[in-house]
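The structure appears right after this line, and notes come after that.
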2 protein chains.
Amino acid sequence: MKQNAQIDSIHSNPDVLPLIRKILYVQPLNAEEINALNKLHNHPHSFDELTTVINYGAVHKKSYIVTEGWAYRYYDLNDGSRQIINFYLPGDIISPYALVMPKTPYCVDSITCLKVCQFEPEELIELFVTQPKLGLIYGWLLGREDSMMADQIVRNGRRSAYKSVAHLLLEIHHRLKIVGLAEEKNGVFPMPIAQHYLSDALGLSLVHINRTLRKLRVNKLIDVTHKTVSLLDIDELKKITEYNGYYLDQIKNINAIIENNTIDNSQETTHVA
Amino acid sequence: MKQNAQIDSIHSNPDVLPLIRKILYVQPLNAEEINALNKLHNHPHSFDELTTVINYGAVHKKSYIVTEGWAYRYYDLNDGSRQIINFYLPGDIISPYALVMPKTPYCVDSITCLKVCQFEPEELIELFVTQPKLGLIYGWLLGREDSMMADQIVRNGRRSAYKSVAHLLLEIHHRLKIVGLAEEKNGVFPMPIAQHYLSDALGLSLVHINRTLRKLRVNKLIDVTHKTVSLLDIDELKKITEYNGYYLDQIKNINAIIENNTIDNSQETTHVA
DNA sequence: CGCTAGGTTGAATACGCTCAAAGATCGTGG
DNA sequence: CCACGATCTTTGAGCGTATTCAACCTAGCG
């Protein structure tokens with residue numbers, strides 16, 4: 001699967017953009033593809049902590065690749081309650097459907113100071129045309145989001161508070177790990193969010209989240225201090241929650257798909273420096 | 001927006017395939033595009049009621065366009081409970097990410113006798129290349145699913161049983177309506193599912209679903225008889241549930257996107273009869 | 001040092017669950 | 001045509017998980 005020494009060095013380089021790290025975790029890329037992905041990062045932008053990134057019903061908006069910090073997508077109800085749909089971590093794409101959806105039926109707010117790179121629908125279309133493989137990888141990113149939202153539905157629908165909290169922590173740990181922001185072995189990762197975010201994500205009350213975290217702590221499964229989470233027994237946590245995140249890391253052999261099909265790769269270098 | 005008399009007649013023709021109806025509801029298509037979509041329906045297949053369409057962890061599977069009947073995607077937990085992620089109605093695509101995802105982390109079962117049309121990843125890629133507009137529309141279909149899953153998360157997380165049930169019924173009514181399977185005005189539509197499907201979809205017990213339906217009936221908001229639902233006061237239901245399905249019907253002006261971009265439309269007729 | 005946001009705990013309550021059993025409906029076969 | 005079984009629906013009663021309300025504690029920051 002390894003392509004050349006250059007790619008290996010990119011892969012082990014901690015400065016590689018998180019989106020690229022995420023993709024390289026499952027799929028080798030050649031220099032040209034990495035170059036095209038870098039190009040998508042040409043318009044960096046920053047949001048302060050706790051600010052609006054996308055407003056409910058916003059039109060004509062762009063997509064964003066998160067390069068640093070946390071954000072979340074949510075929906076507010078009339079009774080004052082809030083449901084968080086998902087969290088955005090480095091390497092995630094905010095509003096990936098901006099290309100075709102004219103209005104967003106949700107809000108996105110930053111949690112920490114948030115660094116993103118904007119891209120326009122036009123850039124995405126150009127990417128799909130010039131780099132068909134990256135088009136398919138974009139589809140994989142969408143499918144991955146779909147799987148995570150399905151998990152979120154299962155958590156909110158059929159899991160106890162205890163299992164929901166543990167399951168979400170495992171997912172976040174996994175997602176941070178593959179972009180190099182969490183330790184593999186000891187399960188330590190930064191979680192710069194207050195407990196009310198967990199409560200709004202899992203559809204539970206703040207008080208109950210607090211009690212549930214304590215229970216996990218008492219059972220020596222996790223430790224939370226100073227915005228840092230430690231998963232003390234990952235195997236046991238996975239067992240309890242029936243956690244099965246393998247599908248987050250799986251992608252079909254993209255090269256094989258491309259080669260077996262009618263895509264005209266002669267265009268591939270036209271728009272890339 | 002209307003293109004020609006031919007399209008109008010297709011639009012009002014009750015025999016038009018539901019997927020095409022769904023798209024025409026928001027976006028005009030020319031004859032060539034309709035032809036390409038028809039071609040995607042070249043491999044019909046039937047499943048009996050209550051049979052497995054896709055098994056947990058299945059590999060190398062195809063995608064399916066539902067043309068008739070109901071199905072659902074779900075996840076089973078070790079304690080015997082089940083969470084339904086979403087329902088598939090005519091015009092929906094089962095497993096739209098089969099193109100890139102090697103294993104499905106969920107199951108799909110038919111509820112009624114289910115008629116589908118299979119298509120292979122290869123056909124999808126060919127479609128994207130020869131009909132870029134349909135590629136974007138495929139993206140819109142995915143974005144629509146994303147919105148509906150977000151709604152499902154909100155229902156399961158922060159809505160009361162009463163509001164959840166009403167909200168789901170409104171969504172199903174809306175989805176059936178745009179493929180011509182529900183009446184606009186009187187809110188009548190067929191719902192060939194037992195109450196336990198609602199309970200597994202909404203993360204509630206069967207008993208509680210039953211009581212909640214009764215409450216909605218007593219309040220003269222719905223009526224359920226013989227696998228048929230009547231929404232007796234759609235405006236009131238929408239008000240109670242804060243239902244806002246407008247985004248399901250919105251799509252950017254695809255023609256404008258295409259024209260403003262670098263897609264080479266000269267290929268457009270290459271692979272189409 | 002005092003303010004503020006976030007974390008922790010207790011007590012009472014409520015929404016939804018489980019267990020249990022009795023009706024309704026429908027297909028099938030006697 | 002009715003009887004029967006299977007599946008689905010409906011209702012009651014008691015229970016439990018998670019909620020709300022309220023208070024107090026802690027940490028970080030000006």
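Each chain in the structure tokens gets a letter, A, B and so on, in the order shown; residues start at 1 in every chain, and ligands are counted from 1 in the order they appear.
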Test item: residues at most 8 Å from stretch 3-15 of chain D, only C-alpha atoms (C1' of nucleotides), excluding those fewer than 5 positions along its chain, as a VMD selection string: (chain B and resid 194 210) or (chain C and resid 18 23 to 25 30)
Limited to C-alpha atoms (C1' of nucleotides), could you put the picked residues into a file as a PDB file, in the first residue's frame?
ATOM      1  CA  ALA B 194     -46.967  -2.366  13.339  1.00  0.00           C
ATOM      2  CA  ASN B 210     -49.688   2.787  22.044  1.00  0.00           C
TER       3      ASN B 210
ATOM      4  C1'  DT C  18     -41.642  -3.595  32.617  1.00  0.00           C
ATOM      5  C1'  DG C  23     -59.121  -7.774  23.505  1.00  0.00           C
ATOM      6  C1'  DA C  24     -58.889  -7.319  18.411  1.00  0.00           C
ATOM      7  C1'  DT C  25     -57.693  -8.738  13.839  1.00  0.00           C
ATOM      8  C1'  DG C  30     -61.032 -28.018   9.722  1.00  0.00           C
TER       9       DG C  30
END
Could you list the residues in chain A lying within 12 Å of chain C, using only C-alpha atoms (C1' of nucleotides), and format the result as a short mmCIF file (atom, residue, chain, number, x, y, z; two decimals) with C-alpha atoms, in the first residue's frame?
data_model
loop_
_atom_site.label_atom_id
_atom_site.label_comp_id
_atom_site.auth_asym_id
_atom_site.auth_seq_id
_atom_site.Cartn_x
_atom_site.Cartn_y
_atom_site.Cartn_z
CA ILE A 193 -15.99 20.96 26.64
CA ALA A 194 -18.24 21.55 29.61
CA GLN A 195 -20.58 18.84 30.81
CA HIS A 196 -23.61 20.60 29.38
CA TYR A 197 -22.33 19.80 25.87
CA LEU A 206 -26.75 18.05 33.02
CA VAL A 207 -27.22 16.63 36.49
CA HIS A 208 -27.53 13.12 35.18
CA ILE A 209 -24.44 13.49 33.02
CA ASN A 210 -22.55 14.53 36.09
CA ARG A 211 -23.73 11.52 38.09
CA THR A 212 -22.99 9.21 35.19
CA LEU A 213 -19.45 10.49 34.81
CA ARG A 214 -18.95 9.95 38.52
CA VAL A 224 -11.66 13.45 33.83
CA THR A 225 -9.46 16.25 35.00
CA HIS A 226 -8.59 19.67 33.63
CA LYS A 227 -10.41 19.21 30.34
#
Residues of chain A within 6 Å of chain B, using only C-alpha atoms, as a PDB file with C-alpha atoms, in the first residue's frame?
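File produced: out_25.pdb:
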ATOM      1  CA  GLN A  83     -29.972  18.926  20.769  1.00  0.00           C
ATOM      2  CA  TYR A  97     -23.527  19.585   1.500  1.00  0.00           C
ATOM      3  CA  VAL A 100     -26.284  21.573  -3.166  1.00  0.00           C
ATOM      4  CA  MET A 101     -28.258  22.592  -0.074  1.00  0.00           C
ATOM      5  CA  PRO A 102     -29.352  26.237  -0.199  1.00  0.00           C
ATOM      6  CA  TRP A 140     -16.309   8.179   1.947  1.00  0.00           C
ATOM      7  CA  GLY A 143     -20.519   7.903   4.499  1.00  0.00           C
ATOM      8  CA  ILE A 153     -29.337   7.792  16.964  1.00  0.00           C
ATOM      9  CA  VAL A 154     -28.656   4.466  18.656  1.00  0.00           C
ATOM     10  CA  ASN A 156     -30.036   8.558  22.067  1.00  0.00           C
ATOM     11  CA  GLY A 157     -32.652   5.932  21.399  1.00  0.00           C
ATOM     12  CA  ARG A 158     -31.676   2.675  23.006  1.00  0.00           C
ATOM     13  CA  GLY A 203     -30.314  14.122  25.298  1.00  0.00           C
ATOM     14  CA  ILE A 251     -12.945   2.286   2.616  1.00  0.00           C
ATOM     15  CA  LYS A 252     -13.098   0.332  -0.576  1.00  0.00           C
TER      16      LYS A 252
END
Using the chain letters and numbers from this document, which residues of stretch 2-235 of chain B does DSSP assign to strand (DSSP E or B), as a PyMOL selection string? chain B and resi 44-47+52-54+59+63-68+71-76+82-88+93-94+103+107-110+114-119+188-190+222-225+228-231
Tell me which of B:Glu171, B:Glu183, B:Asp233, B:Glu120 sits closest to B:Lys62, counting only C-alpha atoms.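 Of all the options, B:Glu120 lies closest to B:Lys62.
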